[in-house]
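See below for the structure under consideration.
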Number of protein chains: 2
Amino acid sequence: MQKNAPFTEITRTVDLSAETHGQRAKCIQRLIRLDMPVPHTVALSFETVHGIAAGQVIDTRPLLGSFGADSLVSVRPSPAMQEWGGPTAMLDVGMNDTMLLTLSETIGAEAARALYLRFVQAYAVEVARLDPELFEPTEPTRDALVQSLEIYEEEMDEPFPQDPANQLAAVLKSMARAWEGTSARLLRQAKGAPPDAGLGLVVQRMALGMGAAESGSGVIQFVSSETGLAQITGRYLSQSQGRDALARRAEALYLSRDSRGPSLEDACPEAFAELRAFGDVLRTGLREEMQIEFALDAGKLSVLDAVRVPRAPRAAVRIAVALAESGVISKEDAILRIEPRTLPELLHRQVAFDAQRDPIAKGMAASPGAATGQLVFSATAAQACAAQETPCILVRPETSPEDIRGMHAASGVLTEKGGMTSHAAVIARGLGKPCVVGTRDITLDLRAKTLTTRDGRVFAEGDTVTLDGTAGACLAGAPRLMEPALDGSFRTLMAWADQARDIGIRANADTPADAETARRFDAEGIGLCRTEHMFFDEDRLTVMHEMIFAETGEARGAALERLLPMQREDFVDLFEIMRGKPVCIRLFDPPLHEFLPTSREGIWNLAEALDLPVSTVTHRIEALSEYNPMLGMRGVRLGIAIPEIYEMQARAIFEATVDVSLKGAIVTPEIMLPLVSARREVELLKTNIDAVAAAVRNERGTRFGFRLGVMVETPRAALKAGEIAEITDFLSFGTNDLTQMTYGLSRDDAGRFMGTYVQQGVFAEDPFHTLDADGVGELLNIAAERGRAVKPDLTLSICGEHGGDPDSIDFCRKAGFSYVSCSPFRVPVARMAAAHLALTDAPVEKKPRRFNLLGRVLRSGS
Amino acid sequence: MQKNAPFTEITRTVDLSAETHGQRAKCIQRLIRLDMPVPHTVALSFETVHGIAAGQVIDTRPLLGSFGADSLVSVRPSPAMQEWGGPTAMLDVGMNDTMLLTLSETIGAEAARALYLRFVQAYAVEVARLDPELFEPTEPTRDALVQSLEIYEEEMDEPFPQDPANQLAAVLKSMARAWEGTSARLLRQAKGAPPDAGLGLVVQRMALGMGAAESGSGVIQFVSSETGLAQITGRYLSQSQGRDALARRAEALYLSRDSRGPSLEDACPEAFAELRAFGDVLRTGLREEMQIEFALDAGKLSVLDAVRVPRAPRAAVRIAVALAESGVISKEDAILRIEPRTLPELLHRQVAFDAQRDPIAKGMAASPGAATGQLVFSATAAQACAAQETPCILVRPETSPEDIRGMHAASGVLTEKGGMTSHAAVIARGLGKPCVVGTRDITLDLRAKTLTTRDGRVFAEGDTVTLDGTAGACLAGAPRLMEPALDGSFRTLMAWADQARDIGIRANADTPADAETARRFDAEGIGLCRTEHMFFDEDRLTVMHEMIFAETGEARGAALERLLPMQREDFVDLFEIMRGKPVCIRLFDPPLHEFLPTSREGIWNLAEALDLPVSTVTHRIEALSEYNPMLGMRGVRLGIAIPEIYEMQARAIFEATVDVSLKGAIVTPEIMLPLVSARREVELLKTNIDAVAAAVRNERGTRFGFRLGVMVETPRAALKAGEIAEITDFLSFGTNDLTQMTYGLSRDDAGRFMGTYVQQGVFAEDPFHTLDADGVGELLNIAAERGRAVKPDLTLSICGEHGGDPDSIDFCRKAGFSYVSCSPFRVPVARMAAAHLALTDAPVEKKPRRFNLLGRVLRSGS
């Protein structure tokens, strides 16, 4: 056919593609090829429609001619991607006074009037752009029809158009123009369409669905959109057109006999059987679960259209796995059909699709999932609730380390301030609890313990609310929740993803609970265990205070002596849970003042506990305070100044290693030094740690190994990676801190302007969310290159928030890193994202250890 | 001569070098070559002396034989560098009972006894290592001599050695061993000696200086050690040896007739005339001002030794310039003889050499110079003193920006805490005021306004003290001070240095006073003008507060409108002072909260001034507070968030440019953007600034140019220097902040451990003092390379504390930077250091603009 033909009759063989005529046109051609009974259909290309929008006039007579005399037609949008939408479909084009008479003969006067009335109203609103209120739906009486035609004539100053060719030309022009409108363009761009995305149109002979014998229309699909399980779903409505059956659900029939009421299967068993067969054909032929739009004309079945079944993330997983298991698609296809970013919805409770939502606050969706509980306004209140096993939602202006125990106790966290990388957001994601931050539309009164919404509703402590961390909202009351979907399909798909990916995935886990989550999500080890969180428990905090306030080396030693067995038990737990998988332990990192109270009351309590004058305690706290704690006395600097702390930790790690090894597990702990900026720091601490290892080996009369590494967090450590690698086994990039230092930007303080910065395009992305490949990434590459130059088998990885971000994983893959480590609840996302990258990217140059597995998967695929 | 000969008679022609026999041996050979009457001298090489220390026995008889019978000899140390010291010289070796009789005949019994007694006592203490208290100096009676010999015999269980050969062997062994002792080694290493530095020894026939006719000894030099001016200085003492004339000053004669008492010139005019002639010969022959040790034996003059005249830095400058001006040395030599680091002593008042010192506190010498004033313990008290024109010394636990006005008012600053890069130290160096920090040995009571010393002395507000910032001490009372020495010699030398150097030197100057200093020290422009300091004046601070608390854009605009003329006047002043030299203005940088009070009282006052509730003020202050201000909302981030601030500043700069240009000066201001981390930041602000420039050009109907640049302070800006250079004219490295971010280390918080870190060798140097060439330096090189790749004529420089450090200047020279900028009082040091580097280094590869000048100087030199 000619390239410039204005329209194309869709046949089995005509040259047609989604890129030129849109996905709907292409899909209809596929239906025809699969021998579906599709009414005669003509496609208009993007080029044609664009021409029409630009004012080109096309002669619609030949087009209408192809449908034969006395035919009505529908016009439907056909963009390149179904989800980009498009203008409303127009049915019954060609209806006029003459056809009214003709159809009155064939389908009866009332049905014909109904068709005409429907068309006049749709045309008036969509094409002539008259006020919809002028055409309220009514019974299709003769008066109603006459009135509508009169209103049209009055408003438009001309009678309703009677020539079908003119009608069609106006419809095409209207739809073409609607597509080019600004708001439509912005809407589809938000869904990922390019600015110049084209629109095709599909003109189809109407299956009337009205008239004598069994006539009507319906929609059918063979799986549940919510769960993905096999289940015939949809409706059929006699004497109806298009998707009327769904719109007028109450009047419509169920489809299968085992439903809760009268069904198509009862009413029209042959048609129903035929539809089921069509479903099987489409599943195999189109390699997808389809939703079919059909019509019956005097008992004769037509398939008008078919689209992918819309589906919730959990349904998508089940559908993809079922298709692969039945051999319809390959495992690789199944993996690639699941967007990694949709997985968190499966891991957590969610507010159900159909639940009533009564939002009281909106903010950023900082950690996914949903939880219902009583409102509380302090960490203490949250802990009190937890003690009574009452679920609660903790609401704070913002959170600080002092709130951590309250966050553990709460089922969800809402903060007034902060962004995606605020303390609350990071901790909540780590805990896998729903979290909403930056809800500027509420007012908190912490004394009165109330939350006031923008429209003045007041919620008090104890009121029941539901936090929707997936949508970024807080809802009043307790809407229905869906449970997580960590079922067989999920596990199967993740196993396939693991076979495909070529980079390791570990989890950041500080507590046994974290570690349990990490193992549940099949992390390959712990990539970052932050030991300082272990000291915030009340009994340990007391000993920490004694250590900090020790006046003599002996007093400090005594305090550390008491911490030793507690730390050892922490590590025993972690090693046992991880069952021989690697555990990378970062030695104590934060400045000591983080463990000291800031409030007057806290200082008073501390003075009492330590039996010291308040002035002494205040003085010590002041002495430890810092201008820029991020850049202060922490990490290895503390480790060098007070070597006893790291020595205690190393001893705890080694003694735990021996204890767990005696029970039969193989444990090779990894010890990581934080905030290094010079090789000499590592040398000094390595000497101390080696000495502790030798002492423990000697005391316990046993052998064990361990690996020593550095957390690369300062730009200087990255630059000096060569020197550092000479004396270490691994480098793990702490990209949070490294980003802060490379940008000279504190994550805690960036919230104030990061939103504006990203909006104005100053930064393309929030660099705390997506690794800054240009700047921070270059430091990673420099470090990797220099490290490998002196030690080719150096283990390289990243840990921190970036670990779970697909773009960051892609960066690490390409840099040939061994693994990424992310928060436990991001592990499935990271596994899936890594699989996608391995399946879609060119193979990476430096071959990581899993490359062979990937090769096997690719060969076994279709 | 044989290499392994144990000793070498010094003659004109013998092969002898300071590297094998030491500087003294070499100098004596030079004296002989210049026909000085030097007694017969023999040199022992480093190798020989080292052998003796290791236990090798050498036969001293041939050595003594070379002196002839009945000779006494002296033994003096001869290390490779005079200033490394060495064991005490031994005189009169060879003295014994027989010589006592012989000498009694020639020089008289009493003189002979005196010689013998002196030798016995010196030998007993230095060689036999007996307790000095056993040999208190007495009159040389016969009894005293007998008693000393008896004590020796009693203590040593053997009689005093009579064989001169044994005496000499013991002396040599004792001196060789003393050199190898640990404390001696550490002492000389502290003066720059390598650990394996060798010791030579010089054995010389004694000029007795005792006996009949005019006999005695003395020391003479022809310039003042304190001022360097021509002035015959020294003493002569009859019947004395060695340096007795200096030790027993009261008994000794002056040298020249025009002195305050009886003189050698009167007593022995021929010898005096001969000595003056010797002085001229040595000055020309040795190209240096020498101090001569001489003796008279019955009127016959011997020159025993000569050393470089010891000299204060100001004397060194005058001597070097005088030598060069009289053609004795080249200008280049004169430059190279002045250590750049000694120059600050010339720029400031100093405590006089001979002043009585009563130290009450010791600390780090953070800023050189000396000042006397009343003790004050608060910035307010300092300002009160200044109002009455009473000099004062401000003493604080540490200083913060709130103390700046007090520091301006005080003559010197002492802080209990802090290190070389603390706030007090940095500001004081900038102001050129003496400052001592980290004086841990005092206790401050700010309420009682007292300072208590370690030994319990109490000083109160108002007491007079003197701060010695050069030595790092605070002295009680008012010792004599020397005025700065910015005289003709200094200016001449600096002009020579300017001709030699090949990198530009600018000054950091925030105020007209700074700029005056900068011009006085011939800075080539202002490399960094920090505009924020301009807003701390009381009247401006009030307007700043209004700006910060503005609720509307209009209110903010109104406040900025009031700041505009003040800023314009600031820049008019700077441009006028700098008379067309470039002025690089950094736009507003600090976080806004630095301008807000922290004390309860300050907040209350502010609330009153703004007529706002205290709670509102407190709330706003809290809202602006930051976790890590260094990494927060400052620099371009503020400039983008509140564009009106930079727009006001740009307008002030351009209007000042027009105003000053109208008076005939050529002004091309340089505008520098702080804390950039992405090119887009620069683009946004460049657009705004260009618009302001266009508006001012339009309003004033005149043309002017300006240059726009970026302060590279974040590692990311360094990495992205290529992109940034495309749209800027210059990059200036803010190495203070860049070091902080590269190390992840806040300068304000590093004081706590930097001392230990440098001591333990964790960091080779304090990176805030000497540029970290490895880490931070690599970022500078990367940025320079990338910047030049897109813009070959890009101006590159560093500003900040490192600018005045010779090692850092060396780095910048080698990297081909255009200039370094340092605090005004470091400018002379930097100019001199740059000249040294240009004269001693291989020419740098990339030729900076001054290279031709250098070539000219080198060709015109000797």
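Residues in the structure tokens are named by chain (A, B, ... in the order shown) and by number from 1 within that chain; ligands are numbered from 1 in the order shown.
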task = Assign secondary structure with DSSP using the backbone only, and return the residues of region 239-387 of chain B in strand (DSSP E) as a ChimeraX atom specification.
result = /B:290-297,300-308,350-351,359-362,364-367,370-376
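For Asp297 (chain B), the list of residues within 7 Å, based on only C-alpha atoms and with local chain neighbours fewer than 5 positions off taken out, reads Ala207, Leu208, Gly209, Met210, Glu214, Ser215 and Gly216 of chain B.
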query = Least-squares superposition of chain A on chain B, every Cα paired in order: what RMSD, in Å?
reply = 0.4 Å
Sort by chain and increasing residue number a table of all residues of chain A within 8 Å of chain B, each with its closest pair of atoms and their distance in Å to one decimal, counting only C-alpha atoms, and write it as a Markdown table.
| residue | atom | partner | partner_atom | distance |
| --- | --- | --- | --- | --- |
| A:Glu626 | CA | B:Asp749 | CA | 6.1 |
| A:Tyr627 | CA | B:Asp749 | CA | 6.6 |
| A:Asn628 | CA | B:Asn628 | CA | 4.4 |
| A:Pro629 | CA | B:Asn628 | CA | 6.5 |
| A:Met630 | CA | B:Asn628 | CA | 6.6 |
| A:Leu631 | CA | B:Leu745 | CA | 4.2 |
| A:Gly632 | CA | B:Asp749 | CA | 5.4 |
| A:Met633 | CA | B:Asp749 | CA | 7.1 |
| A:Arg637 | CA | B:Phe753 | CA | 7.9 |
| A:Ala641 | CA | B:Phe753 | CA | 7.5 |
| A:Leu675 | CA | B:Gly744 | CA | 7.6 |
| A:Ser677 | CA | B:Tyr743 | CA | 5.7 |
| A:Ala678 | CA | B:Val762 | CA | 7.1 |
| A:Arg679 | CA | B:Val762 | CA | 8.0 |
| A:Arg680 | CA | B:Val762 | CA | 5.1 |
| A:Glu681 | CA | B:Val762 | CA | 5.9 |
| A:Thr714 | CA | B:Gly744 | CA | 5.5 |
| A:Pro715 | CA | B:Thr742 | CA | 4.8 |
| A:Arg716 | CA | B:Thr742 | CA | 5.2 |
| A:Ala717 | CA | B:Tyr743 | CA | 7.9 |
| A:Leu719 | CA | B:Gly775 | CA | 6.4 |
| A:Lys720 | CA | B:Gly775 | CA | 7.2 |
| A:Gln740 | CA | B:Leu631 | CA | 7.6 |
| A:Met741 | CA | B:Met741 | CA | 5.1 |
| A:Thr742 | CA | B:Pro715 | CA | 4.8 |
| A:Tyr743 | CA | B:Arg716 | CA | 5.6 |
| A:Gly744 | CA | B:Leu631 | CA | 5.0 |
| A:Leu745 | CA | B:Leu631 | CA | 4.2 |
| A:Ser746 | CA | B:Leu631 | CA | 4.8 |
| A:Asp748 | CA | B:Tyr627 | CA | 6.7 |
| A:Asp749 | CA | B:Gly632 | CA | 5.4 |
| A:Ala750 | CA | B:Gly632 | CA | 6.5 |
| A:Arg752 | CA | B:Met633 | CA | 7.8 |
| A:Phe753 | CA | B:Ala641 | CA | 7.5 |
| A:Gly761 | CA | B:Arg680 | CA | 7.5 |
| A:Val762 | CA | B:Arg680 | CA | 5.1 |
| A:Phe763 | CA | B:Ala678 | CA | 7.2 |
| A:Gly775 | CA | B:Arg716 | CA | 5.5 |
| A:Val776 | CA | B:Arg716 | CA | 7.3 |
Those residues with N, CA, C and O atoms, as a compact mmCIF listing (two decimals), in the first residue's frame please?
# COMPACT_ATOMS: atom_id res chain seq x y z
N GLU A 626 29.75 19.83 68.75
CA GLU A 626 30.54 20.15 67.57
C GLU A 626 29.80 21.11 66.66
O GLU A 626 28.57 21.12 66.63
N TYR A 627 30.56 21.89 65.90
CA TYR A 627 29.96 22.81 64.95
C TYR A 627 29.35 22.03 63.78
O TYR A 627 28.26 22.30 63.31
N ASN A 628 30.09 21.06 63.29
CA ASN A 628 29.65 20.25 62.15
C ASN A 628 29.88 18.78 62.48
O ASN A 628 30.91 18.21 62.11
N PRO A 629 28.94 18.17 63.18
CA PRO A 629 29.15 16.80 63.66
C PRO A 629 29.51 15.83 62.53
O PRO A 629 30.30 14.91 62.72
N MET A 630 28.93 16.09 61.35
CA MET A 630 29.21 15.23 60.20
C MET A 630 30.70 15.20 59.88
O MET A 630 31.22 14.22 59.38
N LEU A 631 31.37 16.31 60.16
CA LEU A 631 32.78 16.45 59.79
C LEU A 631 33.65 16.46 61.04
O LEU A 631 34.71 17.07 61.05
N GLY A 632 33.20 15.80 62.10
CA GLY A 632 33.90 15.97 63.36
C GLY A 632 34.60 14.72 63.87
O GLY A 632 35.15 13.92 63.11
N MET A 633 34.52 14.58 65.19
CA MET A 633 35.24 13.53 65.90
C MET A 633 34.40 12.27 65.88
O MET A 633 33.65 12.01 66.83
N ARG A 637 38.45 8.40 63.58
CA ARG A 637 39.08 9.43 64.42
C ARG A 637 38.85 9.11 65.89
O ARG A 637 39.75 9.22 66.72
N ALA A 641 41.51 7.86 68.73
CA ALA A 641 41.62 8.63 69.99
C ALA A 641 41.32 7.75 71.20
O ALA A 641 41.97 7.87 72.23
N LEU A 675 34.79 6.35 57.89
CA LEU A 675 35.30 7.72 57.79
C LEU A 675 36.82 7.82 57.68
O LEU A 675 37.44 8.74 58.20
N SER A 677 40.30 8.73 56.02
CA SER A 677 40.77 9.68 55.02
C SER A 677 42.25 9.53 54.71
O SER A 677 42.76 10.21 53.84
N ALA A 678 42.92 8.63 55.43
CA ALA A 678 44.35 8.42 55.16
C ALA A 678 44.72 6.97 55.48
O ALA A 678 44.17 6.36 56.40
N ARG A 679 45.63 6.44 54.72
CA ARG A 679 46.04 5.05 54.89
C ARG A 679 46.55 4.77 56.30
O ARG A 679 46.32 3.71 56.87
N ARG A 680 47.23 5.75 56.85
CA ARG A 680 47.84 5.55 58.16
C ARG A 680 46.79 5.23 59.23
O ARG A 680 47.05 4.50 60.16
N GLU A 681 45.61 5.80 59.07
CA GLU A 681 44.52 5.51 60.00
C GLU A 681 44.23 4.00 59.99
O GLU A 681 44.04 3.37 61.03
N THR A 714 34.88 9.53 52.38
CA THR A 714 35.44 10.87 52.15
C THR A 714 36.05 10.87 50.75
O THR A 714 36.58 9.85 50.30
N PRO A 715 35.97 12.00 50.06
CA PRO A 715 36.60 12.06 48.74
C PRO A 715 38.07 11.66 48.80
O PRO A 715 38.59 11.02 47.90
N ARG A 716 38.72 11.98 49.92
CA ARG A 716 40.14 11.66 49.99
C ARG A 716 40.36 10.15 50.04
O ARG A 716 41.30 9.63 49.44
N ALA A 717 39.50 9.45 50.74
CA ALA A 717 39.65 7.99 50.78
C ALA A 717 39.51 7.43 49.38
O ALA A 717 40.19 6.48 48.99
N LEU A 719 40.29 8.98 46.58
CA LEU A 719 41.51 9.29 45.83
C LEU A 719 42.67 8.41 46.27
O LEU A 719 43.53 8.06 45.47
N LYS A 720 42.71 8.05 47.56
CA LYS A 720 43.82 7.26 48.08
C LYS A 720 43.49 5.77 48.13
O LYS A 720 44.12 5.03 48.89
N GLN A 740 27.45 13.63 50.45
CA GLN A 740 27.43 14.84 51.27
C GLN A 740 28.73 15.62 51.14
O GLN A 740 28.73 16.84 51.01
N MET A 741 29.83 14.90 51.16
CA MET A 741 31.12 15.59 51.15
C MET A 741 31.50 16.06 49.75
O MET A 741 32.15 17.08 49.60
N THR A 742 31.12 15.30 48.75
CA THR A 742 31.45 15.69 47.39
C THR A 742 30.69 16.95 46.99
O THR A 742 31.21 17.83 46.32
N TYR A 743 29.44 17.03 47.43
CA TYR A 743 28.64 18.22 47.15
C TYR A 743 28.84 19.32 48.19
O TYR A 743 28.39 20.44 47.99
N GLY A 744 29.45 18.96 49.33
CA GLY A 744 29.49 19.93 50.43
C GLY A 744 28.10 20.22 50.92
O GLY A 744 27.71 21.36 51.11
N LEU A 745 27.33 19.17 51.10
CA LEU A 745 25.90 19.31 51.32
C LEU A 745 25.43 18.27 52.34
O LEU A 745 25.54 17.08 52.10
N SER A 746 24.91 18.76 53.46
CA SER A 746 24.43 17.85 54.49
C SER A 746 23.04 17.36 54.13
O SER A 746 22.15 18.16 53.82
N ASP A 748 20.86 16.20 56.03
CA ASP A 748 19.87 16.67 57.00
C ASP A 748 19.44 18.11 56.71
O ASP A 748 18.34 18.50 57.07
N ASP A 749 20.34 18.87 56.12
CA ASP A 749 20.04 20.29 55.91
C ASP A 749 19.58 20.58 54.49
O ASP A 749 19.16 21.68 54.18
N ALA A 750 19.68 19.59 53.61
CA ALA A 750 19.38 19.82 52.19
C ALA A 750 17.88 19.89 51.94
O ALA A 750 17.44 20.48 50.96
N ARG A 752 15.60 21.59 52.96
CA ARG A 752 15.08 22.94 52.82
C ARG A 752 15.04 23.41 51.37
O ARG A 752 14.22 24.23 51.01
N PHE A 753 15.97 22.93 50.55
CA PHE A 753 15.99 23.49 49.19
C PHE A 753 16.09 22.43 48.09
O PHE A 753 16.06 22.75 46.92
N GLY A 761 15.94 22.17 37.98
CA GLY A 761 16.94 21.48 37.18
C GLY A 761 18.36 21.81 37.58
O GLY A 761 19.29 21.56 36.83
N VAL A 762 18.55 22.41 38.78
CA VAL A 762 19.92 22.69 39.23
C VAL A 762 20.65 21.35 39.40
O VAL A 762 21.77 21.16 38.94
N PHE A 763 19.98 20.45 40.09
CA PHE A 763 20.43 19.06 40.10
C PHE A 763 19.39 18.25 39.30
O PHE A 763 18.19 18.44 39.50
N GLY A 775 29.61 13.04 39.30
CA GLY A 775 30.53 13.58 40.29
C GLY A 775 30.96 12.51 41.27
O GLY A 775 32.10 12.02 41.23
N VAL A 776 30.03 12.11 42.12
CA VAL A 776 30.33 11.06 43.10
C VAL A 776 30.76 9.79 42.36
O VAL A 776 31.71 9.11 42.76
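For the pair CA of Val712 (chain B) and CA of Thr735 (chain B), the interatomic distance is 8.0 Å.
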Could you list, as an mmCIF file with N, CA, C and O atoms, in the first residue's frame, every residue within 10 Å of Ile727 (chain A), counting only C-alpha atoms and ignoring same-chain residues fewer than 4 positions away?
data_model
loop_
_atom_site.group_PDB
_atom_site.id
_atom_site.type_symbol
_atom_site.label_atom_id
_atom_site.label_comp_id
_atom_site.auth_asym_id
_atom_site.auth_seq_id
_atom_site.Cartn_x
_atom_site.Cartn_y
_atom_site.Cartn_z
ATOM 1 N N ARG A 679 45.627 6.438 54.717
ATOM 2 C CA ARG A 679 46.037 5.048 54.893
ATOM 3 C C ARG A 679 46.554 4.769 56.303
ATOM 4 O O ARG A 679 46.319 3.706 56.868
ATOM 5 N N VAL A 682 44.206 3.456 58.799
ATOM 6 C CA VAL A 682 43.903 2.031 58.648
ATOM 7 C C VAL A 682 45.035 1.198 59.251
ATOM 8 O O VAL A 682 44.796 0.214 59.961
ATOM 9 N N GLU A 683 46.255 1.610 58.984
ATOM 10 C CA GLU A 683 47.412 0.872 59.516
ATOM 11 C C GLU A 683 47.343 0.767 61.037
ATOM 12 O O GLU A 683 47.506 -0.317 61.607
ATOM 13 N N LYS A 686 44.417 -1.458 62.069
ATOM 14 C CA LYS A 686 44.654 -2.845 61.651
ATOM 15 C C LYS A 686 45.577 -3.539 62.656
ATOM 16 O O LYS A 686 45.339 -4.687 63.045
ATOM 17 N N LEU A 708 39.249 -7.447 56.615
ATOM 18 C CA LEU A 708 39.242 -6.056 57.058
ATOM 19 C C LEU A 708 39.064 -5.151 55.843
ATOM 20 O O LEU A 708 39.709 -5.351 54.818
ATOM 21 N N GLY A 709 38.180 -4.185 55.980
ATOM 22 C CA GLY A 709 37.939 -3.282 54.859
ATOM 23 C C GLY A 709 37.663 -1.876 55.315
ATOM 24 O O GLY A 709 37.621 -1.581 56.505
ATOM 25 N N VAL A 710 37.463 -1.029 54.349
ATOM 26 C CA VAL A 710 37.266 0.394 54.615
ATOM 27 C C VAL A 710 35.969 0.862 53.962
ATOM 28 O O VAL A 710 35.651 0.458 52.851
ATOM 29 N N GLY A 722 44.111 3.379 46.254
ATOM 30 C CA GLY A 722 45.219 2.484 45.915
ATOM 31 C C GLY A 722 46.030 2.141 47.150
ATOM 32 O O GLY A 722 46.205 0.963 47.508
ATOM 33 N N GLU A 723 46.468 3.173 47.851
ATOM 34 C CA GLU A 723 47.255 2.958 49.077
ATOM 35 C C GLU A 723 46.475 2.160 50.116
ATOM 36 O O GLU A 723 47.025 1.321 50.809
ATOM 37 N N VAL A 790 46.227 -2.209 42.475
ATOM 38 C CA VAL A 790 47.164 -2.826 43.429
ATOM 39 C C VAL A 790 46.660 -4.185 43.903
ATOM 40 O O VAL A 790 47.433 -4.986 44.404
ATOM 41 N N LYS A 791 45.354 -4.441 43.772
ATOM 42 C CA LYS A 791 44.800 -5.700 44.267
ATOM 43 C C LYS A 791 43.653 -6.110 43.347
ATOM 44 O O LYS A 791 42.500 -5.720 43.575
#
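Summary of the local environment: counting only C-alpha atoms, residues at most 10 Å from region 131-142 of chain A, other than itself and those fewer than 3 positions away along its chain, are Ala109, Glu110, Ala111, Ala112, Arg113, Ala114, Leu115, Tyr116, Leu117, Arg118, Val120, Gln121, Ala122, Ala124, Val125, Glu126, Ala128, Leu145, Val146, Gln147, Ser148, Ile151, Tyr152 and Glu155 of chain A.
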request  = Extract, using only C-alpha atoms, all DNA, RNA and protein residues at most 8 Å from Asp570 (chain A), discarding same-chain residues fewer than 4 positions from it, and format them as a ChimeraX atom specification.
outcome  = /A:511-512,534,566,574
For the residues selected in the previous step, produce a file with C-alpha atoms as a CSV table (one decimal), in the first residue's frame.
chain,number,residue,atom,x,y,z
A,511,THR,CA,19.4,-5.7,64.4
A,512,PRO,CA,18.3,-9.4,64.5
A,534,MET,CA,23.1,-1.3,69.3
A,566,MET,CA,26.1,-7.4,75.1
A,574,LEU,CA,23.4,-11.9,63.6
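Near Val307 (chain B), within 8 Å and counting only C-alpha atoms, sit Arg24, Cys27, Gln82, Met290, Gln291, Ile292, Asp305 and Val309 of chain B; same-chain residues fewer than 2 positions away were not included.
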With region 808-823 of chain A as the partner and 12 Å as the cut-off, tabulate the residues of region 565-643 of chain A that qualify, each row holding the nearest pair of atoms and their distance in Å to one decimal, using only C-alpha atoms, sorted by chain and rising number, as JSON lines.
{"residue": "A:Pro582", "atom": "CA", "partner": "A:Tyr819", "partner_atom": "CA", "distance": 11.8}
{"residue": "A:Val583", "atom": "CA", "partner": "A:Ser821", "partner_atom": "CA", "distance": 11.2}
{"residue": "A:Cys584", "atom": "CA", "partner": "A:Ser821", "partner_atom": "CA", "distance": 10.2}
